$ cat run.tsv   # TSV, C-alpha atoms
chain	number	residue	atom	x	y	z
B	1	TYR	CA	39.72	9.84	32.32
B	2	ILE	CA	43.36	9.27	31.33
B	3	VAL	CA	44.94	8.95	27.89
B	4	SER	CA	47.13	5.85	27.59
B	5	ASN	CA	49.29	7.46	24.85
B	6	ILE	CA	50.12	4.01	23.47
B	7	GLY	CA	52.43	4.49	20.52
B	8	GLN	CA	54.30	1.22	20.27
B	9	VAL	CA	51.38	-0.40	18.41
B	10	PRO	CA	49.43	1.55	15.76
B	11	ASN	CA	45.83	2.55	16.51
B	12	LYS	CA	45.92	1.31	20.11
B	13	ASN	CA	45.82	4.70	21.86
B	14	SER	CA	42.95	4.73	24.33
B	15	VAL	CA	41.24	6.48	27.24
B	16	TYR	CA	41.12	4.80	30.63
B	17	ALA	CA	37.86	5.51	32.46
B	18	LEU	CA	37.76	5.17	36.26
B	19	LYS	CA	35.01	5.84	38.79
B	20	ASN	CA	35.36	7.13	42.35
B	21	ASP	CA	33.34	5.35	45.04
B	22	GLY	CA	33.19	8.51	47.13
B	23	THR	CA	36.11	7.58	49.36
B	24	GLY	CA	38.78	8.14	46.72
B	25	LYS	CA	39.02	4.51	45.65
B	26	LEU	CA	39.10	4.16	41.86
B	27	THR	CA	37.79	1.23	39.87
B	28	PRO	CA	37.62	0.78	36.07
B	29	ILE	CA	34.36	1.56	34.32
B	30	THR	CA	33.03	-1.37	32.31
B	31	GLY	CA	34.57	-1.35	28.84
B	32	SER	CA	37.66	0.65	29.81
B	33	PRO	CA	40.01	1.38	28.14
B	34	PHE	CA	38.17	2.92	25.18
B	35	LEU	CA	40.08	3.00	21.88
B	36	THR	CA	40.51	6.37	20.21
B	37	GLY	CA	41.23	4.85	16.80
B	38	GLY	CA	44.57	6.67	16.74
B	39	THR	CA	48.17	6.23	17.84
B	40	GLY	CA	50.03	7.89	20.69
B	41	VAL	CA	53.66	9.02	20.80
B	42	PHE	CA	56.40	6.59	21.77
B	43	ASN	CA	59.94	7.46	22.80
B	44	GLN	CA	62.24	4.74	24.15
B	45	ASN	CA	63.71	7.26	26.58
B	46	SER	CA	60.76	8.18	28.79
B	47	VAL	CA	62.56	11.33	30.03
B	48	PHE	CA	62.08	12.83	26.60
B	49	SER	CA	58.59	11.51	25.99
B	50	PRO	CA	56.19	14.28	24.88
B	51	GLY	CA	53.64	12.71	27.20
B	52	PHE	CA	55.54	14.21	30.11
B	53	GLN	CA	55.68	17.69	28.56
B	54	ALA	CA	51.98	18.33	28.18
B	55	ASP	CA	48.81	19.22	30.05
B	56	GLN	CA	45.15	18.70	29.14
B	57	GLU	CA	45.54	15.79	26.75
B	58	VAL	CA	41.92	15.07	27.73
B	59	VAL	CA	39.13	17.64	28.19
B	60	VAL	CA	35.47	17.16	29.11
B	61	SER	CA	32.61	19.51	28.26
B	62	SER	CA	30.98	21.41	31.13
B	63	ALA	CA	27.77	19.40	30.61
B	64	GLY	CA	29.73	16.18	31.04
B	65	THR	CA	28.47	14.82	27.74
B	66	LEU	CA	31.59	15.03	25.54
B	67	LEU	CA	35.23	14.06	25.96
B	68	PHE	CA	38.08	14.94	23.61
B	69	ALA	CA	41.47	13.19	23.55
B	70	VAL	CA	44.67	13.68	21.53
B	71	ASN	CA	46.42	11.13	19.31
B	72	GLY	CA	49.99	12.44	19.11
B	73	ASN	CA	51.40	10.25	16.37
B	74	SER	CA	48.20	10.26	14.29
B	75	ASN	CA	47.92	14.08	14.49
B	76	THR	CA	44.24	13.83	15.38
B	77	VAL	CA	41.72	14.57	18.12
B	78	THR	CA	39.04	12.00	18.95
B	79	ALA	CA	35.62	12.99	20.32
B	80	PHE	CA	33.68	10.64	22.59
B	81	GLY	CA	30.16	10.79	23.94
B	82	ILE	CA	30.02	10.22	27.71
B	83	ASN	CA	27.26	7.81	28.67
B	84	SER	CA	25.25	7.88	31.91
B	85	ASP	CA	27.45	5.17	33.44
B	86	GLY	CA	30.65	7.01	32.51
B	87	SER	CA	31.52	4.74	29.61
B	88	LEU	CA	32.55	6.30	26.31
B	89	THR	CA	31.19	6.08	22.78
B	90	ASN	CA	33.61	7.01	19.99
B	91	LEU	CA	31.89	9.70	17.90
B	92	ASN	CA	34.42	11.01	15.41
B	93	THR	CA	38.04	11.99	14.81
B	94	SER	CA	39.38	15.26	13.41
B	95	ALA	CA	42.79	16.25	12.06
B	96	SER	CA	44.70	18.50	14.47
B	97	LEU	CA	46.25	20.47	11.58
B	98	GLY	CA	49.73	20.04	12.97
B	99	SER	CA	52.18	17.48	14.26
B	100	ASP	CA	51.87	15.80	17.67
B	101	PRO	CA	48.82	17.36	19.41
B	102	VAL	CA	49.42	17.41	23.18
B	103	SER	CA	46.93	19.84	24.73
B	104	LEU	CA	43.31	20.88	24.23
B	105	GLY	CA	41.87	24.20	25.39
B	106	LEU	CA	38.07	23.94	25.29
B	107	ASP	CA	36.38	27.36	25.37
B	108	GLU	CA	32.61	26.97	25.49
B	109	VAL	CA	31.86	30.67	26.09
B	110	SER	CA	34.22	32.39	23.66
B	111	PRO	CA	33.03	35.52	21.77
B	112	ALA	CA	32.85	33.28	18.66
B	113	GLY	CA	30.89	30.50	20.34
B	114	PRO	CA	32.26	27.12	21.45
B	115	GLN	CA	35.77	26.58	20.20
B	116	MET	CA	38.91	24.60	20.92
B	117	THR	CA	42.58	25.51	20.68
B	118	VAL	CA	44.87	22.57	19.94
B	119	VAL	CA	48.57	22.68	20.77
B	120	ASN	CA	50.59	20.76	18.18
B	121	GLN	CA	53.94	20.31	19.92
B	122	ALA	CA	55.88	18.69	17.04
B	123	ALA	CA	58.02	16.58	19.40
B	124	ASP	CA	57.14	13.11	18.10
B	125	PRO	CA	60.49	11.41	17.25
B	126	LEU	CA	58.76	9.64	14.35
B	127	GLN	CA	57.75	12.98	12.79
B	128	ALA	CA	60.99	14.92	12.55
B	129	ASN	CA	61.49	18.56	11.54
B	130	GLN	CA	57.89	19.66	12.04
B	131	THR	CA	56.86	23.16	13.11
B	132	PRO	CA	54.98	23.52	16.43
B	133	ASN	CA	51.74	25.48	16.31
B	134	ILE	CA	48.41	26.23	17.91
B	135	THR	CA	45.25	25.99	15.82
B	136	SER	CA	41.64	26.79	16.68
B	137	PHE	CA	38.44	24.94	15.79
B	138	GLY	CA	34.75	25.56	16.20
B	139	VAL	CA	33.12	22.89	18.37
B	140	ASP	CA	29.68	21.33	17.94
B	141	LEU	CA	28.76	20.51	21.54
B	142	THR	CA	26.17	17.98	20.36
B	143	THR	CA	28.20	15.90	17.90
B	144	GLY	CA	31.76	16.71	18.99
B	145	ILE	CA	32.69	17.65	15.43
B	146	LEU	CA	35.59	20.11	15.16
B	147	THR	CA	35.55	22.64	12.31
B	148	PRO	CA	38.83	24.48	11.54
B	149	ILE	CA	38.72	28.25	11.97
B	150	ALA	CA	40.30	29.76	8.86
B	151	ASN	CA	43.69	31.44	9.32
B	152	SER	CA	43.81	30.50	13.00
B	153	THR	CA	47.14	28.64	12.97
B	154	ILE	CA	49.95	30.36	14.88
B	155	ASN	CA	53.42	28.87	14.42
B	156	TYR	CA	56.00	28.60	17.20
B	157	PRO	CA	59.81	28.32	16.98
B	158	LEU	CA	61.25	24.89	16.21
B	159	ALA	CA	61.78	22.76	19.34
B	160	SER	CA	60.03	25.34	21.54
B	161	LEU	CA	57.74	22.62	22.97
B	162	PRO	CA	54.45	24.48	23.49
B	163	ALA	CA	52.64	22.32	26.02
B	164	GLN	CA	49.32	23.75	27.19
B	165	ALA	CA	46.41	25.88	25.98
B	166	LEU	CA	44.70	27.23	29.10
B	167	VAL	CA	41.34	28.99	28.65
B	168	SER	CA	40.26	31.71	31.10
B	169	PRO	CA	36.92	31.17	32.92
B	170	SER	CA	35.48	34.15	31.02
B	171	GLY	CA	36.32	32.53	27.70
B	172	LYS	CA	37.92	35.76	26.49
B	173	PHE	CA	41.54	34.68	26.78
B	174	VAL	CA	43.78	31.73	25.96
B	175	PHE	CA	47.18	31.29	27.57
B	176	VAL	CA	49.90	29.11	26.01
B	177	VAL	CA	53.05	27.95	27.76
B	178	GLN	CA	56.16	26.63	26.05
B	179	PHE	CA	58.98	24.71	27.76
B	180	MET	CA	61.86	25.74	25.50
B	181	ALA	CA	62.98	28.65	23.28
B	182	GLY	CA	62.80	31.06	26.17
B	183	GLY	CA	60.06	29.28	28.08
B	184	LEU	CA	57.55	31.97	27.19
B	185	PHE	CA	54.03	32.27	28.58
B	186	THR	CA	51.82	34.02	26.01
B	187	SER	CA	48.44	35.65	26.49
B	188	TYR	CA	45.94	35.81	23.62
B	189	ASP	CA	42.62	37.63	23.19
B	190	VAL	CA	39.86	35.50	21.63
B	191	GLY	CA	38.34	37.56	18.84
B	192	ALA	CA	34.73	37.57	17.65
B	193	GLY	CA	35.71	35.40	14.68
B	194	GLY	CA	37.55	32.91	16.87
B	195	LEU	CA	41.04	34.09	15.94
B	196	LEU	CA	43.60	34.49	18.71
B	197	VAL	CA	45.37	37.85	18.94
B	198	ALA	CA	48.55	38.02	21.03
B	199	ASN	CA	48.57	40.37	24.00
B	200	ASN	CA	52.06	39.81	25.38
B	201	SER	CA	54.60	37.15	26.35
B	202	GLU	CA	56.55	36.81	29.57

$ encode --input "run.tsv" --output "C-alpha cells"
Amino acid sequence: YIVSNIGQVPNKNSVYALKNDGTGKLTPITGSPFLTGGTGVFNQNSVFSPGFQADQEVVVSSAGTLLFAVNGNSNTVTAFGINSDGSLTNLNTSASLGSDPVSLGLDEVSPAGPQMTVVNQAADPLQANQTPNITSFGVDLTTGILTPIANSTINYPLASLPAQALVSPSGKFVFVVQFMAGGLFTSYDVGAGGLLVANNSE
C-alpha cells in the first residue's frame, strides 16, 4: 500500500494497492488506487517535497483489517477497511489537529489502549507559518475512528521537520525524529492516559 500524495488536484490523494504473486512481482489490486477523499502536498521542486521527508504515511493494523493514510494538504487522516481481496473501503476521515500530517505511529498495545501518534510536519508550502507538532488519538480498531486525547499535542520548533513517530514493540515508548533544528531524536514514555512524556533527546 502506497500513498500517491497527489496535491496538484484537490481531493485526489489516494492509496495504491498492489499484490505480490509470491515471486516478488507486483500487480494492482482491482479498484486501485483508492481515493482518500483528501489532498496531498504538492511542491514544484521535488527536492523540497514533504513527501520525501517522512516515514509511515501509511500504517496497517496488526490484524490486517484497517489501513490509515495521511492527507497532507487537507490536514486529515483517512481510515480504510481492508477487504479479503486486499481492496480498500473508505470508512472515515479525522482531523490531524495540525498542519501537514506526514507520519502515523500506531500503538495497539499502549498502557492506554490502542492509540495513534500523528506527526504534523507543517511543511506544506500552501500552509505557511504553521507550527509542527505531534498529537495522539485513541483508536477504535473496529471502525477506524480516531478520538483526540486531551492535552496530547506537543509542539516542535518552526521548520524543525519532524518526520516519523516510531512505536516500540512493547507499546510503552514512542520515538520521534526531526530533520532540522538540531536533528533531534526524542524518546517518549506512553502514559496510562495516553499522554506522551519526554525521556530525553539526542

$ residues_around --input "run.tsv" --residues "Pro33 (chain B)" --least-positions-apart "5" --cutoff "7 Å" --atoms "only C-alpha atoms" --output "number ranges by chain"
B: 14-17

$ residues_around --input "run.tsv" --residues "Phe179 (chain B)" --least-positions-apart "5" --cutoff "8 Å" --atoms "only C-alpha atoms" --output "VMD selection string"
chain B and resid 53 160 to 163 184

$ closest_residue --input "run.tsv" --among "B:Asn200, B:Thr89, B:Ser94, B:Gln164" --to "Pro148 (chain B)" --atoms "all atoms listed in the file"
B:Ser94

$ residues_around --input "run.tsv" --residues "Gly40 (chain B)" --least-positions-apart "4" --cutoff "10 Å" --atoms "only C-alpha atoms" --output "list in words"
Val3, Ser4, Asn5, Ile6, Gly7, Gln8, Val9, Pro10, Asn11, Lys12, Asn13, Ser14, Thr36, Pro50, Gly51, Val70, Asn71, Gly72, Asn73, Ser74, Asn75, Thr76, Asp100, Pro101, Val102 and Asp124 of chain B

$ atom_distance --input "run.tsv" --atom1 "CA of Pro114 (chain B)" --atom2 "CA of Val139 (chain B)"
5.3 Å

$ residues_around --input "run.tsv" --residues "Asn90 (chain B)" --least-positions-apart "5" --cutoff "12 Å" --atoms "only C-alpha atoms" --output "PyMOL selection string"
chain B and resi 14-15+33-38+66-69+77-83+143-145

$ write_last_selection --input "run.tsv" --atoms "C-alpha atoms" --output "compact mmCIF listing (two decimals), keeping the file's coordinate frame"
# COMPACT_ATOMS: atom_id res chain seq x y z
CA SER B 14 42.95 4.73 24.33
CA VAL B 15 41.24 6.48 27.24
CA PRO B 33 40.01 1.38 28.14
CA PHE B 34 38.17 2.92 25.18
CA LEU B 35 40.08 3.00 21.88
CA THR B 36 40.51 6.37 20.21
CA GLY B 37 41.23 4.85 16.80
CA GLY B 38 44.57 6.67 16.74
CA LEU B 66 31.59 15.03 25.54
CA LEU B 67 35.23 14.06 25.96
CA PHE B 68 38.08 14.94 23.61
CA ALA B 69 41.47 13.19 23.55
CA VAL B 77 41.72 14.57 18.12
CA THR B 78 39.04 12.00 18.95
CA ALA B 79 35.62 12.99 20.32
CA PHE B 80 33.68 10.64 22.59
CA GLY B 81 30.16 10.79 23.94
CA ILE B 82 30.02 10.22 27.71
CA ASN B 83 27.26 7.81 28.67
CA THR B 143 28.20 15.90 17.90
CA GLY B 144 31.76 16.71 18.99
CA ILE B 145 32.69 17.65 15.43

$ decode --input "run.tsv" --residues "region 178-190 of chain B" --atoms "all heavy atoms" --output "PDB file, in the first residue's frame"
ATOM      1  N   GLN B 178      13.372  14.346  13.985  1.00  0.00           N
ATOM      2  CA  GLN B 178      13.188  15.576  13.228  1.00  0.00           C
ATOM      3  C   GLN B 178      14.442  15.824  12.385  1.00  0.00           C
ATOM      4  O   GLN B 178      15.563  15.565  12.820  1.00  0.00           O
ATOM      5  CB  GLN B 178      12.887  16.762  14.140  1.00  0.00           C
ATOM      6  CG  GLN B 178      13.966  17.084  15.163  1.00  0.00           C
ATOM      7  CD  GLN B 178      13.519  18.084  16.200  1.00  0.00           C
ATOM      8  OE1 GLN B 178      12.668  17.786  17.030  1.00  0.00           O
ATOM      9  NE2 GLN B 178      14.105  19.269  16.163  1.00  0.00           N
ATOM     10  N   PHE B 179      14.224  16.313  11.148  1.00  0.00           N
ATOM     11  CA  PHE B 179      15.340  16.523  10.227  1.00  0.00           C
ATOM     12  C   PHE B 179      16.150  17.771  10.553  1.00  0.00           C
ATOM     13  O   PHE B 179      17.367  17.796  10.400  1.00  0.00           O
ATOM     14  CB  PHE B 179      14.821  16.647   8.791  1.00  0.00           C
ATOM     15  CG  PHE B 179      14.599  15.327   8.122  1.00  0.00           C
ATOM     16  CD1 PHE B 179      13.320  14.826   7.960  1.00  0.00           C
ATOM     17  CD2 PHE B 179      15.659  14.584   7.644  1.00  0.00           C
ATOM     18  CE1 PHE B 179      13.102  13.610   7.332  1.00  0.00           C
ATOM     19  CE2 PHE B 179      15.461  13.368   7.025  1.00  0.00           C
ATOM     20  CZ  PHE B 179      14.180  12.876   6.859  1.00  0.00           C
ATOM     21  N   MET B 180      15.463  18.844  10.976  1.00  0.00           N
ATOM     22  CA  MET B 180      16.122  20.129  11.162  1.00  0.00           C
ATOM     23  C   MET B 180      16.067  20.556  12.627  1.00  0.00           C
ATOM     24  O   MET B 180      15.652  19.792  13.482  1.00  0.00           O
ATOM     25  CB  MET B 180      15.453  21.179  10.264  1.00  0.00           C
ATOM     26  CG  MET B 180      15.424  20.806   8.783  1.00  0.00           C
ATOM     27  SD  MET B 180      17.073  20.575   8.058  1.00  0.00           S
ATOM     28  CE  MET B 180      17.636  22.276   8.010  1.00  0.00           C
ATOM     29  N   ALA B 181      16.532  21.797  12.883  1.00  0.00           N
ATOM     30  CA  ALA B 181      16.559  22.353  14.246  1.00  0.00           C
ATOM     31  C   ALA B 181      17.312  21.437  15.198  1.00  0.00           C
ATOM     32  O   ALA B 181      16.854  21.132  16.299  1.00  0.00           O
ATOM     33  CB  ALA B 181      15.144  22.620  14.758  1.00  0.00           C
ATOM     34  N   GLY B 182      18.469  20.997  14.747  1.00  0.00           N
ATOM     35  CA  GLY B 182      19.299  20.139  15.581  1.00  0.00           C
ATOM     36  C   GLY B 182      19.207  18.677  15.229  1.00  0.00           C
ATOM     37  O   GLY B 182      20.015  17.870  15.698  1.00  0.00           O
ATOM     38  N   GLY B 183      18.207  18.309  14.432  1.00  0.00           N
ATOM     39  CA  GLY B 183      18.079  16.912  14.035  1.00  0.00           C
ATOM     40  C   GLY B 183      17.899  15.966  15.206  1.00  0.00           C
ATOM     41  O   GLY B 183      18.480  14.879  15.239  1.00  0.00           O
ATOM     42  N   LEU B 184      17.095  16.367  16.168  1.00  0.00           N
ATOM     43  CA  LEU B 184      16.966  15.592  17.405  1.00  0.00           C
ATOM     44  C   LEU B 184      16.145  14.321  17.222  1.00  0.00           C
ATOM     45  O   LEU B 184      15.238  14.245  16.407  1.00  0.00           O
ATOM     46  CB  LEU B 184      16.326  16.453  18.491  1.00  0.00           C
ATOM     47  CG  LEU B 184      17.133  17.664  18.951  1.00  0.00           C
ATOM     48  CD1 LEU B 184      16.342  18.453  19.998  1.00  0.00           C
ATOM     49  CD2 LEU B 184      18.487  17.240  19.513  1.00  0.00           C
ATOM     50  N   PHE B 185      16.480  13.331  18.024  1.00  0.00           N
ATOM     51  CA  PHE B 185      15.743  12.070  18.122  1.00  0.00           C
ATOM     52  C   PHE B 185      15.242  11.990  19.555  1.00  0.00           C
ATOM     53  O   PHE B 185      16.031  11.903  20.490  1.00  0.00           O
ATOM     54  CB  PHE B 185      16.672  10.900  17.796  1.00  0.00           C
ATOM     55  CG  PHE B 185      15.992   9.563  17.751  1.00  0.00           C
ATOM     56  CD1 PHE B 185      15.254   9.181  16.641  1.00  0.00           C
ATOM     57  CD2 PHE B 185      16.077   8.677  18.817  1.00  0.00           C
ATOM     58  CE1 PHE B 185      14.633   7.945  16.578  1.00  0.00           C
ATOM     59  CE2 PHE B 185      15.455   7.442  18.774  1.00  0.00           C
ATOM     60  CZ  PHE B 185      14.734   7.079  17.651  1.00  0.00           C
ATOM     61  N   THR B 186      13.928  12.056  19.740  1.00  0.00           N
ATOM     62  CA  THR B 186      13.344  12.174  21.085  1.00  0.00           C
ATOM     63  C   THR B 186      12.593  10.916  21.474  1.00  0.00           C
ATOM     64  O   THR B 186      11.844  10.352  20.684  1.00  0.00           O
ATOM     65  CB  THR B 186      12.384  13.385  21.155  1.00  0.00           C
ATOM     66  OG1 THR B 186      13.087  14.562  20.776  1.00  0.00           O
ATOM     67  CG2 THR B 186      11.832  13.558  22.562  1.00  0.00           C
ATOM     68  N   SER B 187      12.812  10.490  22.701  1.00  0.00           N
ATOM     69  CA  SER B 187      12.143   9.322  23.273  1.00  0.00           C
ATOM     70  C   SER B 187      11.045   9.778  24.226  1.00  0.00           C
ATOM     71  O   SER B 187      11.266  10.659  25.069  1.00  0.00           O
ATOM     72  CB  SER B 187      13.161   8.468  24.040  1.00  0.00           C
ATOM     73  OG  SER B 187      12.509   7.496  24.830  1.00  0.00           O
ATOM     74  N   TYR B 188       9.857   9.164  24.086  1.00  0.00           N
ATOM     75  CA  TYR B 188       8.728   9.474  24.959  1.00  0.00           C
ATOM     76  C   TYR B 188       8.211   8.206  25.632  1.00  0.00           C
ATOM     77  O   TYR B 188       8.146   7.141  25.000  1.00  0.00           O
ATOM     78  CB  TYR B 188       7.567  10.082  24.161  1.00  0.00           C
ATOM     79  CG  TYR B 188       7.841  11.420  23.536  1.00  0.00           C
ATOM     80  CD1 TYR B 188       8.343  11.510  22.239  1.00  0.00           C
ATOM     81  CD2 TYR B 188       7.583  12.597  24.226  1.00  0.00           C
ATOM     82  CE1 TYR B 188       8.584  12.742  21.642  1.00  0.00           C
ATOM     83  CE2 TYR B 188       7.823  13.837  23.636  1.00  0.00           C
ATOM     84  CZ  TYR B 188       8.324  13.907  22.351  1.00  0.00           C
ATOM     85  OH  TYR B 188       8.559  15.130  21.758  1.00  0.00           O
ATOM     86  N   ASP B 189       7.840   8.329  26.914  1.00  0.00           N
ATOM     87  CA  ASP B 189       7.054   7.289  27.582  1.00  0.00           C
ATOM     88  C   ASP B 189       5.592   7.475  27.205  1.00  0.00           C
ATOM     89  O   ASP B 189       5.107   8.616  27.099  1.00  0.00           O
ATOM     90  CB  ASP B 189       7.163   7.412  29.104  1.00  0.00           C
ATOM     91  CG  ASP B 189       8.440   6.806  29.650  1.00  0.00           C
ATOM     92  OD1 ASP B 189       8.905   5.805  29.103  1.00  0.00           O
ATOM     93  OD2 ASP B 189       8.968   7.374  30.629  1.00  0.00           O
ATOM     94  N   VAL B 190       4.855   6.373  27.026  1.00  0.00           N
ATOM     95  CA  VAL B 190       3.410   6.441  26.820  1.00  0.00           C
ATOM     96  C   VAL B 190       2.741   6.235  28.166  1.00  0.00           C
ATOM     97  O   VAL B 190       2.859   5.161  28.773  1.00  0.00           O
ATOM     98  CB  VAL B 190       2.927   5.376  25.821  1.00  0.00           C
ATOM     99  CG1 VAL B 190       1.420   5.508  25.601  1.00  0.00           C
ATOM    100  CG2 VAL B 190       3.670   5.502  24.498  1.00  0.00           C
TER     101      VAL B 190
END
